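Just query-v1.cif here, mmCIF, C-alpha atoms:
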```cif
data_model
loop_
_atom_site.group_PDB
_atom_site.id
_atom_site.type_symbol
_atom_site.label_atom_id
_atom_site.label_comp_id
_atom_site.auth_asym_id
_atom_site.auth_seq_id
_atom_site.Cartn_x
_atom_site.Cartn_y
_atom_site.Cartn_z
ATOM 1 C CA MET G 675 16.351 -25.127 -2.830
ATOM 2 C CA LYS G 676 13.411 -25.698 -0.483
ATOM 3 C CA SER G 677 9.925 -26.232 -1.888
ATOM 4 C CA ILE G 678 6.659 -25.483 -0.129
ATOM 5 C CA ALA G 679 3.302 -26.654 -1.472
ATOM 6 C CA ILE G 680 0.406 -24.197 -1.459
ATOM 7 C CA SER G 681 -3.021 -24.593 -2.952
ATOM 8 C CA GLY G 682 -4.972 -21.704 -4.422
ATOM 9 C CA SER G 683 -8.201 -21.161 -6.254
ATOM 10 C CA VAL G 684 -8.876 -19.027 -9.312
ATOM 11 C CA ARG G 685 -10.710 -15.797 -8.513
ATOM 12 C CA GLN G 686 -13.871 -15.275 -10.489
ATOM 13 C CA ASN G 687 -14.272 -11.604 -9.564
ATOM 14 C CA VAL G 688 -11.306 -9.269 -9.488
ATOM 15 C CA GLY G 689 -11.966 -6.032 -7.657
ATOM 16 C CA LYS G 690 -11.465 -4.178 -4.394
ATOM 17 C CA ARG G 691 -14.696 -5.459 -2.826
ATOM 18 C CA ASP G 692 -13.880 -9.031 -3.725
ATOM 19 C CA ALA G 693 -10.318 -8.656 -2.404
ATOM 20 C CA LYS G 694 -11.629 -7.251 0.890
ATOM 21 C CA GLU G 695 -14.012 -10.176 1.240
ATOM 22 C CA LEU G 696 -11.188 -12.636 0.558
ATOM 23 C CA ARG G 697 -9.010 -11.106 3.280
ATOM 24 C CA TYR G 698 -11.923 -11.208 5.711
ATOM 25 C CA GLU G 699 -12.139 -14.975 5.061
ATOM 26 C CA GLY G 700 -8.411 -15.420 5.769
ATOM 27 C CA ASN G 701 -7.305 -15.533 2.136
ATOM 28 C CA ILE G 702 -4.937 -13.305 0.179
ATOM 29 C CA PRO G 703 -5.514 -12.139 -3.401
ATOM 30 C CA ALA G 704 -2.594 -13.069 -5.631
ATOM 31 C CA VAL G 705 -1.520 -13.146 -9.252
ATOM 32 C CA LEU G 706 0.584 -15.716 -11.089
ATOM 33 C CA TYR G 707 2.435 -14.406 -14.133
ATOM 34 C CA GLY G 708 5.413 -15.282 -16.305
ATOM 35 C CA GLY G 709 3.631 -18.000 -18.255
ATOM 36 C CA LYS G 710 1.302 -17.758 -21.255
ATOM 37 C CA GLU G 711 -1.342 -15.883 -19.297
ATOM 38 C CA GLN G 712 -1.863 -14.215 -15.940
ATOM 39 C CA THR G 713 -3.935 -16.050 -13.360
ATOM 40 C CA HIS G 714 -5.712 -14.197 -10.565
ATOM 41 C CA LEU G 715 -6.065 -16.430 -7.548
ATOM 42 C CA ALA G 716 -6.656 -16.571 -3.821
ATOM 43 C CA VAL G 717 -4.343 -18.351 -1.386
ATOM 44 C CA SER G 718 -4.670 -18.995 2.337
ATOM 45 C CA ALA G 719 -2.902 -16.407 4.532
ATOM 46 C CA ALA G 720 -1.853 -19.223 6.898
ATOM 47 C CA ASP G 721 -0.211 -21.171 4.030
ATOM 48 C CA LEU G 722 1.771 -18.108 2.985
ATOM 49 C CA LYS G 723 3.438 -17.629 6.391
ATOM 50 C CA SER G 724 6.052 -20.348 5.807
ATOM 51 C CA VAL G 725 6.933 -18.762 2.433
ATOM 52 C CA LEU G 726 7.001 -15.073 3.360
ATOM 53 C CA TYR G 727 8.351 -15.065 6.912
ATOM 54 C CA THR G 728 11.680 -16.767 6.264
ATOM 55 C CA ALA G 729 15.113 -15.538 5.227
ATOM 56 C CA ASP G 730 15.379 -18.509 2.868
ATOM 57 C CA VAL G 731 14.478 -18.443 -0.802
ATOM 58 C CA VAL G 732 11.770 -21.015 -1.401
ATOM 59 C CA PHE G 733 10.134 -22.454 -4.463
ATOM 60 C CA VAL G 734 6.369 -22.581 -4.230
ATOM 61 C CA GLU G 735 4.577 -25.611 -5.634
ATOM 62 C CA LEU G 736 1.286 -23.904 -6.441
ATOM 63 C CA GLU G 737 -1.732 -26.094 -6.997
ATOM 64 C CA ILE G 738 -4.518 -24.073 -8.583
ATOM 65 C CA ASP G 739 -7.742 -25.959 -9.131
ATOM 66 C CA GLY G 740 -5.867 -29.247 -9.635
ATOM 67 C CA LYS G 741 -3.087 -27.850 -11.873
ATOM 68 C CA LYS G 742 0.448 -27.693 -10.415
ATOM 69 C CA THR G 743 2.872 -24.872 -11.169
ATOM 70 C CA ARG G 744 6.327 -24.089 -9.781
ATOM 71 C CA ALA G 745 6.791 -20.438 -8.827
ATOM 72 C CA ILE G 746 8.582 -17.981 -6.545
ATOM 73 C CA VAL G 747 7.243 -14.951 -4.708
ATOM 74 C CA GLN G 748 8.309 -11.930 -6.771
ATOM 75 C CA ASP G 749 6.557 -9.195 -4.801
ATOM 76 C CA THR G 750 4.515 -8.832 -1.614
ATOM 77 C CA GLN G 751 2.347 -5.887 -0.613
ATOM 78 C CA PHE G 752 1.646 -5.135 3.030
ATOM 79 C CA HIS G 753 -1.003 -2.955 4.670
ATOM 80 C CA PRO G 754 0.708 0.307 5.778
ATOM 81 C CA LEU G 755 -0.843 0.260 9.253
ATOM 82 C CA THR G 756 -1.423 -3.380 10.180
ATOM 83 C CA ASP G 757 1.552 -4.928 8.302
ATOM 84 C CA LEU G 758 -0.751 -7.698 7.134
ATOM 85 C CA VAL G 759 -0.165 -9.101 3.642
ATOM 86 C CA THR G 760 -2.624 -7.588 1.154
ATOM 87 C CA HIS G 761 -1.387 -9.030 -2.165
ATOM 88 C CA VAL G 762 1.220 -11.457 -3.500
ATOM 89 C CA ASP G 763 2.774 -11.739 -6.972
ATOM 90 C CA PHE G 764 3.996 -15.193 -7.973
ATOM 91 C CA LEU G 765 6.380 -15.635 -10.901
ATOM 92 C CA GLU G 766 5.999 -18.917 -12.769
ATOM 93 C CA LEU G 767 9.279 -20.797 -13.155
ATOM 94 C CA PHE G 768 10.519 -22.695 -16.191
ATOM 95 C CA ASP G 769 13.625 -24.905 -16.163
ATOM 96 C CA ASP G 770 15.005 -23.165 -19.279
ATOM 97 C CA LYS G 771 14.194 -19.549 -18.339
ATOM 98 C CA GLN G 772 16.480 -17.467 -16.082
ATOM 99 C CA VAL G 773 15.027 -15.547 -13.148
ATOM 100 C CA SER G 774 16.386 -12.813 -10.869
ATOM 101 C CA VAL G 775 16.064 -13.483 -7.153
ATOM 102 C CA ASN G 776 17.419 -11.937 -3.946
ATOM 103 C CA ILE G 777 19.607 -14.581 -2.278
ATOM 104 C CA PRO G 778 20.558 -14.179 1.404
ATOM 105 C CA ILE G 779 24.216 -13.727 2.396
ATOM 106 C CA LYS G 780 25.738 -15.971 5.060
ATOM 107 C CA LEU G 781 28.959 -14.842 6.745
ATOM 108 C CA THR G 782 31.255 -17.809 7.471
ATOM 109 C CA GLY G 783 34.358 -18.162 9.624
ATOM 110 C CA ASP G 784 35.927 -15.661 12.009
ATOM 111 C CA SER G 785 37.440 -12.306 11.139
ATOM 112 C CA PRO G 786 40.912 -11.643 12.629
ATOM 113 C CA GLY G 787 40.033 -7.941 12.612
ATOM 114 C CA VAL G 788 37.016 -8.527 14.869
ATOM 115 C CA LYS G 789 39.130 -10.663 17.236
ATOM 116 C CA MET G 790 41.511 -7.693 17.545
ATOM 117 C CA GLY G 791 38.616 -5.466 18.586
ATOM 118 C CA GLY G 792 37.454 -4.176 15.193
ATOM 119 C CA LYS G 793 33.780 -3.634 14.480
ATOM 120 C CA LEU G 794 31.974 -5.707 11.842
ATOM 121 C CA VAL G 795 29.737 -3.681 9.504
ATOM 122 C CA GLN G 796 27.475 -5.646 7.149
ATOM 123 C CA LYS G 797 26.113 -3.393 4.389
ATOM 124 C CA LEU G 798 24.295 -6.031 2.308
ATOM 125 C CA ARG G 799 22.101 -8.858 3.608
ATOM 126 C CA SER G 800 21.294 -10.322 0.186
ATOM 127 C CA LEU G 801 22.435 -10.190 -3.434
ATOM 128 C CA ARG G 802 20.355 -10.095 -6.616
ATOM 129 C CA VAL G 803 21.231 -13.225 -8.569
ATOM 130 C CA LYS G 804 20.197 -14.238 -12.086
ATOM 131 C CA ALA G 805 20.178 -17.935 -12.983
ATOM 132 C CA LEU G 806 18.068 -20.843 -14.135
ATOM 133 C CA PRO G 807 15.775 -21.953 -11.275
ATOM 134 C CA ASN G 808 17.736 -25.170 -10.626
ATOM 135 C CA ASP G 809 21.053 -23.263 -10.480
ATOM 136 C CA LEU G 810 19.939 -20.727 -7.849
ATOM 137 C CA PRO G 811 21.975 -21.060 -4.641
ATOM 138 C CA GLN G 812 20.150 -21.348 -1.296
ATOM 139 C CA GLU G 813 22.547 -18.764 0.163
ATOM 140 C CA ILE G 814 25.774 -16.958 -0.709
ATOM 141 C CA GLU G 815 28.659 -17.652 1.640
ATOM 142 C CA VAL G 816 31.073 -14.826 2.355
ATOM 143 C CA PRO G 817 34.299 -15.981 4.095
ATOM 144 C CA MET G 818 35.495 -13.799 6.957
ATOM 145 C CA GLU G 819 38.971 -15.303 7.527
ATOM 146 C CA SER G 820 40.824 -12.624 5.532
ATOM 147 C CA LEU G 821 39.042 -9.599 7.007
ATOM 148 C CA GLU G 822 41.561 -7.572 8.989
ATOM 149 C CA VAL G 823 40.747 -4.129 10.437
ATOM 150 C CA GLY G 824 40.203 -1.709 7.545
ATOM 151 C CA LYS G 825 39.488 -4.483 5.014
ATOM 152 C CA SER G 826 36.219 -5.215 3.244
ATOM 153 C CA TYR G 827 34.642 -7.920 1.079
ATOM 154 C CA ARG G 828 33.036 -6.617 -2.100
ATOM 155 C CA VAL G 829 30.372 -7.956 -4.456
ATOM 156 C CA GLY G 830 32.994 -8.497 -7.183
ATOM 157 C CA GLN G 831 34.748 -11.104 -5.006
ATOM 158 C CA VAL G 832 31.692 -13.388 -5.038
ATOM 159 C CA SER G 833 31.912 -16.144 -7.614
ATOM 160 C CA LEU G 834 28.915 -18.361 -8.324
ATOM 161 C CA GLU G 835 28.637 -21.370 -10.587
ATOM 162 C CA ASN G 836 26.075 -21.006 -13.405
ATOM 163 C CA ALA G 837 24.700 -17.795 -11.864
ATOM 164 C CA LYS G 838 25.368 -14.072 -12.232
ATOM 165 C CA VAL G 839 25.344 -11.473 -9.448
ATOM 166 C CA LEU G 840 23.528 -8.335 -10.641
ATOM 167 C CA ASN G 841 24.676 -5.950 -7.879
ATOM 168 C CA ASN G 842 27.433 -3.409 -8.551
ATOM 169 C CA ALA G 843 30.809 -5.208 -8.268
ATOM 170 C CA ASP G 844 32.262 -2.311 -6.210
ATOM 171 C CA ASP G 845 29.545 -2.449 -3.536
ATOM 172 C CA THR G 846 30.791 -3.514 -0.104
ATOM 173 C CA ILE G 847 29.101 -6.544 1.443
ATOM 174 C CA VAL G 848 30.899 -6.497 4.774
ATOM 175 C CA SER G 849 33.842 -4.647 6.290
ATOM 176 C CA VAL G 850 35.756 -4.458 9.558
ATOM 177 C CA VAL G 851 36.246 -0.911 10.819
ATOM 178 C CA MET G 852 38.244 0.335 13.755
ATOM 179 C CA SER G 853 36.079 0.492 16.872
ATOM 180 C CA ARG G 854 36.299 3.406 19.298
ATOM 181 C CA ALA G 855 37.878 1.192 21.965
ATOM 182 C CA LEU G 856 40.543 -0.086 19.539
ATOM 183 C CA ARG G 857 41.317 3.450 18.314
ATOM 184 C CA GLN G 858 41.663 4.633 21.922
ATOM 185 C CA ALA G 859 43.947 1.705 22.780
ATOM 186 C CA GLU G 860 46.138 2.455 19.743
ATOM 187 C CA GLN G 861 46.342 6.172 20.650
ATOM 188 C CA GLU G 862 47.283 5.322 24.233
ATOM 189 C CA ALA G 863 49.917 2.836 23.014
ATOM 190 C CA ALA G 864 51.351 5.535 20.704
ATOM 191 C CA LYS G 865 51.434 8.067 23.568
ATOM 192 C CA ALA G 866 53.147 5.536 25.824
ATOM 193 C CA ALA G 867 55.713 4.790 23.098
ATOM 194 C CA LYS G 868 56.437 8.526 22.713
ATOM 195 C CA GLY G 869 56.713 8.911 26.472
ATOM 196 C CA GLY G 870 59.177 6.018 26.652
ATOM 197 C CA LYS G 871 61.517 7.695 24.130
ATOM 198 C CA LYS G 872 62.213 10.727 26.352
#
```
If you took the structure in this file and wrote it as structure tokens, what would it be?
Amino acid sequence: MKSIAISGSVRQNVGKRDAKELRYEGNIPAVLYGGKEQTHLAVSAADLKSVLYTADVVFVELEIDGKKTRAIVQDTQFHPLTDLVTHVDFLELFDDKQVSVNIPIKLTGDSPGVKMGGKLVQKLRSLRVKALPNDLPQEIEVPMESLEVGKSYRVGQVSLENAKVLNNADDTIVSVVMSRALRQAEQEAAKAAKGGKK
């Protein structure tokens, strides 16, 4: 799992006016929880970019006033109009305490159904996984080699070592459906076959 170091400073005043001032200075109000006590802090908006704008799950090495803590981003709030980050929640990580994290799905290999003209439909882009921090996978690989037209790969088929998938086992991750062109070709082939029998 990737780690990114970010430094933050404890906020003395916690309020809307203070938060507005922080954002004006290029900082984002944040909270760190999960440990003995909550810490309200401010982190640089520029530092957060490499953590928030990536499909990867990253551990954050937070340094707050000289003290280092390992955490993950649990929640991010964005401004409804500008899409700028307005607040971040960090969850403190402990080696012996399980956490739930959304892990991205990576499709691997080629689907025979797609090669035949079927259409690939990916319903899920990530799965909610519960595990100890050091057992969290960077990504979940879903093999495509067995996906014929009309077949799908479900959550229940995913097996992870030392980690549990929390999504519904019956949920479809990816499927190959018949495309319009393939359906048309099959109908024309069937018509031609009927015509040839006369």
Test item: the PyMOL selection byres ((chain G and resi 730) around 12) resolved as a count of residues only: 28
Expected answer as a list of chain:residue names: all residues with atoms within 12 Å of (-13.3, -7.3, -3.9), all atoms listed in the file: G:Arg685, G:Gln686, G:Asn687, G:Val688, G:Gly689, G:Lys690, G:Arg691, G:Asp692, G:Ala693, G:Lys694, G:Glu695, G:Leu696, G:Arg697, G:Tyr698, G:Glu699, G:Asn701, G:Ile702, G:Pro703, G:Ala716, G:Thr760
Selection result of the PyMOL selection byres ((chain G and resi 817-822) around 6) on this file, as a ChimeraX atom specification: /G:782-787,816,823,825
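Atom CA of His714 of chain G lies 22.8 Å from atom CA of Pro754 of chain G.
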Computed interatomic separation between atom CA of Leu840 of chain G and atom CA of Tyr707 of chain G (Å):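 Between atom CA of Leu840 of chain G and atom CA of Tyr707 of chain G the gap is 22.2 Å.
Here the PyMOL selection byres ((chain G and resi 839) around 6) captures the residues Arg802, Val803, Lys838, Leu840 and Asn841 of chain G.
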Straight-line distance linking atom CA of Leu765 of chain G with atom CA of Ala843 of chain G, stated in Å to one decimal: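 The value is 26.7 Å.
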Within 10 Å of file point (1.3, -14.7, -7.3), counting all atoms listed in the file, expressed as a PyMOL selection string: chain G and resi 682+702-708+712-717+734+736+745-750+761-766
Listed atoms of segment 686-703 of chain G, axis-aligned box, 8 Å per side: centre and edge lengths to one decimal in Å, as lines of an AutoDock Vina configuration file?
```
center_x = -9.8
center_y = -9.9
center_z = -2.4
size_x = 25.8
size_y = 27.4
size_z = 32.3
```
Among the residues G:Leu767, G:Leu758, G:Leu806, G:Leu856, the one that comes closest to Met790 of chain G [using all atoms listed in the file]: G:Leu856
Top pick for closest residue to Lys771 of chain G, considering G:Ala805, G:Ala859, G:Val795, G:Val759 and counting all atoms listed in the file: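 Among G:Ala805, G:Ala859, G:Val795, G:Val759, it is G:Ala805 that comes nearest to Lys771 of chain G.
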